[in-house]
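Asks: You'll find protein-v2.cif just under this line, and it carries mmCIF, C-alpha atoms.
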```cif
data_data
loop_
_atom_site.label_atom_id
_atom_site.label_comp_id
_atom_site.auth_asym_id
_atom_site.auth_seq_id
_atom_site.Cartn_x
_atom_site.Cartn_y
_atom_site.Cartn_z
CA MET A 13 20.47 31.87 8.01
CA LYS A 14 21.15 28.39 9.39
CA THR A 15 22.28 27.13 5.96
CA TRP A 16 24.67 30.06 5.60
CA THR A 17 26.21 29.36 9.01
CA ILE A 18 26.81 25.71 8.09
CA LYS A 19 28.29 26.72 4.72
CA LEU A 20 30.59 29.21 6.46
CA ILE A 21 31.83 26.60 8.96
CA VAL A 22 32.39 23.93 6.30
CA GLY A 23 34.11 26.46 3.98
CA GLY A 24 36.31 27.69 6.82
CA CYS A 25 37.34 24.12 7.75
CA PHE A 26 38.12 23.35 4.12
CA ILE A 27 40.31 26.44 3.69
CA LEU A 28 42.08 25.72 7.00
CA ALA A 29 42.77 22.11 5.96
CA LEU A 30 44.08 23.33 2.59
CA VAL A 31 46.41 25.87 4.20
CA VAL A 32 47.73 23.26 6.68
CA THR A 33 48.30 20.73 3.90
CA VAL A 34 50.09 23.18 1.57
CA THR A 35 52.22 24.51 4.43
CA SER A 36 53.16 20.98 5.50
CA PHE A 37 53.99 20.06 1.93
CA PHE A 38 56.47 22.90 1.46
CA CYS A 39 57.92 23.01 4.98
CA ASN A 40 58.27 19.31 5.69
CA ASP A 41 60.58 17.06 3.67
CA ASP A 42 58.95 13.96 5.16
CA PHE A 43 55.47 14.95 3.98
CA TRP A 44 54.92 11.84 1.86
CA LYS A 45 56.52 9.51 4.39
CA VAL A 46 53.75 7.96 6.45
CA ASN A 47 53.73 4.84 8.55
CA ALA A 48 51.16 2.06 8.20
CA ALA A 49 49.06 3.30 11.14
CA GLN A 50 48.73 6.78 9.63
CA ALA A 51 47.86 5.38 6.22
CA LEU A 52 45.27 3.04 7.69
CA THR A 53 43.75 5.86 9.75
CA LEU A 54 43.45 7.98 6.64
CA ILE A 55 41.88 5.17 4.59
CA LEU A 56 39.50 4.32 7.42
CA THR A 57 38.44 7.95 7.78
CA ILE A 58 37.76 8.24 4.06
CA CYS A 59 35.76 4.99 4.06
CA ILE A 60 33.66 6.02 7.08
CA ALA A 61 33.03 9.46 5.59
CA PHE A 62 31.98 7.90 2.28
CA TRP A 63 29.72 5.35 3.99
CA ALA A 64 28.10 8.04 6.16
CA THR A 65 27.45 10.24 3.12
CA GLN A 66 25.96 7.39 1.12
CA LEU A 67 23.77 6.34 4.05
CA LYS A 68 22.41 9.84 4.42
CA ASN A 69 21.86 10.02 0.68
CA ASP A 70 19.85 6.76 0.73
CA VAL A 71 17.65 8.01 3.56
CA ARG A 72 17.07 11.27 1.73
CA LYS A 73 16.03 9.44 -1.45
CA LYS A 74 13.62 7.28 0.54
CA LYS A 75 12.12 10.39 2.14
CA GLU A 76 11.67 11.98 -1.27
CA HIS A 77 9.96 8.87 -2.60
CA ALA A 78 7.74 8.65 0.49
CA GLU A 79 6.77 12.29 -0.12
CA GLN A 80 5.88 11.47 -3.74
CA ILE A 81 3.64 8.62 -2.56
CA LEU A 82 1.96 10.88 0.00
CA LYS A 83 1.28 13.51 -2.67
CA LYS A 84 -0.14 10.83 -4.94
CA ILE A 85 -2.46 9.71 -2.12
CA GLN A 86 -3.50 13.32 -1.53
CA ALA A 87 -4.24 13.79 -5.23
CA ILE A 88 -6.51 10.73 -5.19
CA VAL A 89 -8.44 11.61 -2.03
CA ASN A 90 -8.83 15.26 -3.03
CA ASN A 91 -10.31 14.35 -6.40
CA ASP A 92 -14.08 14.99 -6.47
CA GLY A 93 -14.68 11.43 -7.64
CA PHE A 94 -13.37 10.09 -4.33
CA TYR A 95 -16.31 11.44 -2.36
CA TYR A 96 -18.89 12.64 -4.87
CA VAL A 97 -21.11 10.28 -6.81
CA SER A 98 -23.85 11.70 -9.00
CA ALA A 99 -27.26 10.04 -8.59
CA GLU A 100 -27.52 10.03 -12.39
CA SER A 101 -24.20 8.31 -12.99
CA ASP A 102 -23.99 4.89 -14.57
CA ALA A 103 -23.76 2.17 -11.90
CA ILE A 104 -21.17 0.01 -13.67
CA GLU A 105 -18.95 2.97 -14.57
CA THR A 106 -19.14 4.23 -10.97
CA GLN A 107 -18.25 0.76 -9.72
CA LYS A 108 -15.26 0.54 -12.06
CA ARG A 109 -14.03 3.98 -11.04
CA MET A 110 -14.38 3.23 -7.34
CA THR A 111 -12.70 -0.18 -7.43
CA MET A 112 -9.81 1.16 -9.50
CA THR A 113 -9.39 3.92 -6.93
CA PHE A 114 -9.35 1.24 -4.20
CA ARG A 115 -6.58 -0.59 -6.01
CA SER A 116 -4.47 2.48 -6.59
CA LEU A 117 -4.78 3.67 -2.99
CA ASN A 118 -4.28 0.20 -1.53
CA ASN A 119 -1.00 -0.23 -3.42
CA SER A 120 0.25 3.23 -2.44
CA ILE A 121 -0.66 2.72 1.22
CA ASP A 122 1.10 -0.67 1.27
CA LEU A 123 4.27 1.04 0.10
CA LEU A 124 3.77 3.91 2.52
CA LYS A 125 3.56 1.46 5.43
CA LYS A 126 6.93 -0.01 4.47
CA TYR A 127 8.50 3.46 4.46
CA GLY A 128 6.68 4.22 7.72
CA GLN A 129 8.61 1.46 9.47
CA GLU A 130 11.94 2.81 8.26
CA LEU A 131 11.32 6.53 8.43
CA GLY A 132 9.48 6.72 11.73
CA PHE A 133 5.88 7.46 10.73
CA LYS A 134 4.46 3.98 11.24
CA VAL A 135 1.59 5.11 13.50
CA ASN A 136 0.47 7.82 11.07
CA ALA A 137 0.68 5.39 8.13
CA GLU A 138 -1.50 2.94 10.07
CA TYR A 139 -4.02 5.72 10.68
CA ILE A 140 -4.20 6.35 6.91
CA GLU A 141 -4.61 2.62 6.32
CA LYS A 142 -7.49 2.44 8.80
CA GLU A 143 -9.24 5.49 7.33
CA PHE A 144 -8.90 3.98 3.86
CA LYS A 145 -10.20 0.61 5.09
CA ASP A 146 -13.28 2.29 6.62
CA TYR A 147 -13.87 4.23 3.40
CA ARG A 148 -13.44 1.14 1.21
CA ASP A 149 -15.68 -1.03 3.39
CA PHE A 150 -18.39 1.65 3.39
CA VAL A 151 -18.33 2.11 -0.39
CA SER A 152 -18.01 -1.65 -0.99
CA GLU A 153 -21.17 -2.41 0.97
CA HIS A 154 -23.09 -0.04 -1.32
CA ILE A 155 -21.04 -0.40 -4.49
CA THR A 156 -24.04 -1.08 -6.71
CA ASP A 157 -26.30 1.49 -5.03
CA VAL A 158 -25.44 4.76 -6.78
CA ASP A 159 -28.36 6.55 -5.14
CA TYR A 160 -27.12 5.69 -1.64
CA LEU A 161 -23.54 6.69 -2.49
CA SER A 162 -24.75 9.98 -3.93
CA ARG A 163 -26.33 10.75 -0.54
CA SER A 164 -23.17 9.82 1.39
CA GLU A 165 -20.90 12.65 0.30
CA SER A 166 -20.29 13.98 3.82
CA THR A 167 -19.30 10.53 5.14
CA LEU A 168 -16.92 9.95 2.24
CA ARG A 169 -15.54 13.48 2.45
CA LYS A 170 -14.72 12.94 6.13
CA HIS A 171 -12.38 10.08 5.19
CA SER A 172 -10.89 12.17 2.38
CA GLU A 173 -10.05 15.03 4.74
CA ASN A 174 -8.71 12.77 7.47
CA ILE A 175 -6.34 11.07 5.03
CA ASP A 176 -5.31 14.38 3.45
CA ASN A 177 -4.55 15.98 6.83
CA LYS A 178 -2.51 13.00 7.99
CA CYS A 179 -0.49 13.09 4.75
CA ASP A 180 0.35 16.75 5.44
CA ILE A 181 1.47 15.86 8.97
CA ILE A 182 3.75 13.10 7.70
CA ILE A 183 5.28 15.34 5.00
CA TRP A 184 5.89 18.05 7.59
CA GLY A 185 7.75 15.60 9.82
CA LEU A 186 9.86 14.04 7.07
CA TYR A 187 12.65 16.62 6.93
CA MET B 21 -3.55 -27.51 -9.74
CA ILE B 22 -7.03 -26.22 -10.51
CA VAL B 23 -7.19 -22.57 -11.55
CA ILE B 24 -9.88 -19.90 -11.42
CA ASN B 25 -9.21 -16.62 -13.17
CA ILE B 26 -11.95 -14.34 -11.87
CA SER B 27 -11.81 -11.84 -14.74
CA LYS B 28 -11.99 -14.58 -17.39
CA ASP B 29 -14.16 -17.17 -15.67
CA PHE B 30 -16.61 -14.80 -13.97
CA THR B 31 -16.37 -11.08 -14.77
CA ASP B 32 -13.92 -8.20 -14.91
CA THR B 33 -16.33 -6.06 -12.87
CA PRO B 34 -17.06 -8.06 -9.70
CA GLY B 35 -19.99 -6.53 -7.88
CA ALA B 36 -21.37 -6.38 -4.37
CA ARG B 37 -21.98 -8.96 -1.63
CA TYR B 38 -25.39 -10.53 -2.32
CA LYS B 39 -27.23 -11.57 -5.47
CA SER B 40 -30.06 -9.22 -4.45
CA GLU B 41 -27.67 -6.26 -4.81
CA GLY B 42 -27.02 -6.72 -8.50
CA GLU B 43 -25.00 -8.65 -11.04
CA TYR B 44 -21.77 -10.55 -10.42
CA SER B 45 -22.01 -10.61 -6.64
CA GLY B 46 -19.69 -12.45 -4.28
CA GLU B 47 -22.53 -14.79 -3.37
CA LEU B 48 -23.06 -15.73 -7.02
CA PHE B 49 -19.34 -16.24 -7.58
CA ARG B 50 -19.08 -18.46 -4.50
CA GLU B 51 -22.07 -20.60 -5.44
CA THR B 52 -21.45 -21.01 -9.17
CA ILE B 53 -17.66 -21.07 -9.48
CA LEU B 54 -15.74 -21.12 -6.21
CA ILE B 55 -17.50 -23.97 -4.40
CA PRO B 56 -17.64 -26.36 -7.41
CA LYS B 57 -13.92 -25.80 -8.08
CA TYR B 58 -13.11 -26.06 -4.38
CA VAL B 59 -14.95 -29.38 -4.11
CA GLU B 60 -13.12 -30.59 -7.22
CA ALA B 61 -9.76 -29.57 -5.71
CA ILE B 62 -10.53 -31.37 -2.44
CA ALA B 63 -11.64 -34.51 -4.29
CA SER B 64 -8.48 -34.57 -6.41
CA LYS B 65 -6.29 -33.58 -3.42
CA SER B 66 -4.86 -30.65 -5.32
CA GLN B 67 -4.73 -26.91 -4.70
CA LEU B 68 -7.06 -24.30 -6.08
CA LYS B 69 -5.29 -21.26 -7.47
CA VAL B 70 -7.36 -18.07 -7.65
CA GLU B 71 -6.00 -15.46 -10.06
CA LEU B 72 -7.22 -12.02 -9.07
CA ASP B 73 -5.64 -9.94 -11.85
CA GLY B 74 -7.21 -8.64 -15.02
CA GLY B 75 -10.29 -6.88 -13.72
CA TYR B 76 -11.23 -3.39 -12.57
CA GLY B 77 -10.63 -4.15 -8.91
CA TYR B 78 -12.70 -5.54 -6.06
CA ALA B 79 -15.17 -4.33 -3.50
CA THR B 80 -14.25 -5.77 -0.10
CA SER B 81 -17.85 -6.99 0.28
CA PHE B 82 -17.40 -9.19 -2.80
CA LEU B 83 -14.18 -10.70 -1.45
CA GLU B 84 -15.53 -11.27 2.04
CA GLU B 85 -18.71 -12.90 0.81
CA SER B 86 -16.81 -15.11 -1.65
CA PHE B 87 -13.91 -16.35 0.47
CA GLY B 88 -15.18 -15.64 3.97
CA GLY B 89 -18.41 -17.30 2.88
CA LEU B 90 -16.49 -20.37 1.68
CA ALA B 91 -14.75 -20.59 5.06
CA ARG B 92 -18.12 -20.41 6.82
CA GLU B 93 -19.26 -23.47 4.87
CA TYR B 94 -16.08 -25.55 4.97
CA ASP B 95 -13.23 -26.20 7.38
CA ILE B 96 -11.13 -23.05 7.68
CA GLN B 97 -7.77 -24.80 7.90
CA GLU B 98 -8.62 -26.87 4.85
CA VAL B 99 -9.67 -23.71 2.96
CA LEU B 100 -6.39 -22.03 3.92
CA ARG B 101 -4.41 -25.08 2.81
CA THR B 102 -6.29 -25.53 -0.47
CA LEU B 103 -6.54 -21.98 -1.79
CA VAL B 104 -3.58 -20.19 -3.34
CA PHE B 105 -3.94 -16.61 -4.50
CA GLU B 106 -2.12 -14.67 -7.18
CA SER B 107 -2.27 -10.92 -7.63
CA ASN B 108 0.24 -8.67 -9.27
CA ASP B 109 -2.20 -5.81 -9.75
CA GLU B 110 -2.92 -5.50 -6.03
CA PRO B 111 -0.69 -7.80 -3.93
CA GLY B 112 -2.19 -6.51 -0.67
CA LEU B 113 -5.44 -8.31 -1.50
CA ILE B 114 -3.87 -11.69 -0.73
CA ASN B 115 -3.37 -10.84 2.96
CA GLU B 116 -6.80 -9.26 3.17
CA ILE B 117 -8.53 -12.35 1.75
CA THR B 118 -6.56 -14.58 4.12
CA GLU B 119 -7.83 -12.40 6.96
CA TYR B 120 -11.43 -12.76 5.75
CA ILE B 121 -11.01 -16.53 5.78
CA LYS B 122 -9.53 -16.54 9.29
CA MET B 123 -12.15 -14.11 10.59
CA ALA B 124 -14.93 -16.32 9.27
CA ARG B 125 -14.23 -18.62 12.22
CA ARG B 126 -15.53 -16.01 14.68
CA GLU B 127 -18.75 -15.52 12.79
CA ARG B 128 -19.37 -19.23 12.53
CA LYS B 129 -22.27 -20.58 14.54
#
```
Once more with this new file: its structure as structure tokens, please.

Replies:
Amino acid sequence: MKTWTIKLIVGGCFILALVVTVTSFFCNDDFWKVNAAQALTLILTICIAFWATQLKNDVRKKKEHAEQILKKIQAIVNNDGFYYVSAESDAIETQKRMTMTFRSLNNSIDLLKKYGQELGFKVNAEYIEKEFKDYRDFVSEHITDVDYLSRSESTLRKHSENIDNKCDIIIWGLY
Amino acid sequence: MIVINISKDFTDTPGARYKSEGEYSGELFRETILIPKYVEAIASKSQLKVELDGGYGYATSFLEESFGGLAREYDIQEVLRTLVFESNDEPGLINEITEYIKMARRERK
């Protein structure tokens, strides 16, 4: 409904401007005669309108990229492997999987923090960073102890859910 | 400049904090590679570059025990001046390791 109203107003303005321009063109012999002030005003208006459009476009692209990063983070933390470690799993393979997950998340969160400064979700990005740090420190202290990690699913899942929920909140507030 | 590439000179799967916790721990890395190279760098008045890329990633316990541990044994300012880190795989690690070195001061007796 809101989109239709905006479209109607913009369409109406466009048609009105067109009618005024065409009418002026046919009814006024001096249509093409403009002084420097009028020409400058016109050029300035076009430049400002172009700049404003581009600026908005840049912000929109940044929001879309931030959303992609958030969804990537959600995909990582919602994967079973983020919080579930089988007691029978190979210790070295588990270690490799966990440390590669650390790296992937750390890089994404670093980028997210940069967007957070610009797009106004700095506090929420810092919350995600802290949750991730707590998760990583916990797993790191027991990285070679598969048995202990296998018994820590609820602790690890807590971090997963906290990060996932905060990502949803940021996405909701982006647009 | 003296260079350590952790994945080539030590392992591509760095482990936990202490030797008692398994292979390729931070403690083992510090004792067998980091400290000898650090001493060599100090003696030759050069910098020690630590290349972090090439492995499967790091547990924070490994990094803290390696570099925080070094700062607990030697002068922190000298450690900060001497060590240079390189990481393209995970650039955020450089700040984190620097923090571990600075934090080591508080834990020092």

Asks: Which residues, named as in the file, does the PyMOL selection byres ((chain B) within 10 of (chain A)) pick out? Answer as a compact mmCIF listing (two decimals) with C-alpha atoms, keeping the file's coordinate frame.

Replies:
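This went into selection_15.txt:
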```
# COMPACT_ATOMS: atom_id res chain seq x y z
CA ASP B 32 -13.92 -8.20 -14.91
CA THR B 33 -16.33 -6.06 -12.87
CA PRO B 34 -17.06 -8.06 -9.70
CA GLY B 35 -19.99 -6.53 -7.88
CA ALA B 36 -21.37 -6.38 -4.37
CA ARG B 37 -21.98 -8.96 -1.63
CA TYR B 38 -25.39 -10.53 -2.32
CA GLU B 41 -27.67 -6.26 -4.81
CA GLY B 42 -27.02 -6.72 -8.50
CA GLU B 43 -25.00 -8.65 -11.04
CA SER B 45 -22.01 -10.61 -6.64
CA GLY B 75 -10.29 -6.88 -13.72
CA TYR B 76 -11.23 -3.39 -12.57
CA GLY B 77 -10.63 -4.15 -8.91
CA TYR B 78 -12.70 -5.54 -6.06
CA ALA B 79 -15.17 -4.33 -3.50
CA THR B 80 -14.25 -5.77 -0.10
CA SER B 81 -17.85 -6.99 0.28
CA PHE B 82 -17.40 -9.19 -2.80
CA LEU B 83 -14.18 -10.70 -1.45
CA ASP B 109 -2.20 -5.81 -9.75
CA GLU B 110 -2.92 -5.50 -6.03
CA PRO B 111 -0.69 -7.80 -3.93
CA GLY B 112 -2.19 -6.51 -0.67
CA LEU B 113 -5.44 -8.31 -1.50
```

Asks: Just give me the gap between atom CA of Asn90 of chain A and atom CA of Arg72 of chain A in Å, one decimal is fine.

Replies: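 Value for the atom CA of Asn90 of chain A-atom CA of Arg72 of chain A distance: 26.6 Å.
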
Asks: If we count all atoms listed in the file, what is near Lys65 of chain B at a cut-off of 9 Å, once residues fewer than 4 positions away on the same chain are taken out, given as a CSV table (one decimal) with C-alpha atoms, keeping the file's coordinate frame?

Replies:
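Output file selection28.csv follows:
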```csv
chain,number,residue,atom,x,y,z
B,60,GLU,CA,-13.1,-30.6,-7.2
B,61,ALA,CA,-9.8,-29.6,-5.7
B,102,THR,CA,-6.3,-25.5,-0.5
```

Asks: Which of these residues is nearest to Leu90 of chain B, using only C-alpha atoms: B:Glu71, B:Glu119, B:Glu47, B:Glu106?

Replies: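 Of the candidates, the smallest distance to Leu90 of chain B is held by B:Glu47.
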
Asks: Assuming the chain letters and numbering stay as they are in my file, what does the PyMOL selection byres ((chain A and resi 159-161) around 9) actually select? List them as a PDB file with C-alpha atoms, in the frame of the given file.

Replies:
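As a result, expr18.pdb now contains:
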```pdb
ATOM      1  CA  TYR A  95     -16.310  11.440  -2.360  1.00  0.00           C
ATOM      2  CA  TYR A  96     -18.890  12.640  -4.870  1.00  0.00           C
ATOM      3  CA  VAL A  97     -21.110  10.280  -6.810  1.00  0.00           C
ATOM      4  CA  SER A  98     -23.850  11.700  -9.000  1.00  0.00           C
ATOM      5  CA  ALA A  99     -27.260  10.040  -8.590  1.00  0.00           C
ATOM      6  CA  GLU A 100     -27.520  10.030 -12.390  1.00  0.00           C
ATOM      7  CA  VAL A 151     -18.330   2.110  -0.390  1.00  0.00           C
ATOM      8  CA  HIS A 154     -23.090  -0.040  -1.320  1.00  0.00           C
ATOM      9  CA  ILE A 155     -21.040  -0.400  -4.490  1.00  0.00           C
ATOM     10  CA  THR A 156     -24.040  -1.080  -6.710  1.00  0.00           C
ATOM     11  CA  ASP A 157     -26.300   1.490  -5.030  1.00  0.00           C
ATOM     12  CA  VAL A 158     -25.440   4.760  -6.780  1.00  0.00           C
ATOM     13  CA  SER A 162     -24.750   9.980  -3.930  1.00  0.00           C
ATOM     14  CA  ARG A 163     -26.330  10.750  -0.540  1.00  0.00           C
ATOM     15  CA  SER A 164     -23.170   9.820   1.390  1.00  0.00           C
ATOM     16  CA  GLU A 165     -20.900  12.650   0.300  1.00  0.00           C
ATOM     17  CA  LEU A 168     -16.920   9.950   2.240  1.00  0.00           C
TER      18      LEU A 168
END
```

Asks: Which distance in Å separates atom CA of Lys45 of chain A and atom CA of Leu28 of chain A, to one decimal?

Replies: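 Spanning atom CA of Lys45 of chain A to atom CA of Leu28 of chain A is a straight-line distance of 21.9 Å.
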
Asks: What does the distance from atom CA of Asn174 of chain A to atom CA of Lys84 of chain A come to in Å, to one decimal?

Replies: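 Straight-line distance from atom CA of Asn174 of chain A to atom CA of Lys84 of chain A works out to 15.2 Å.
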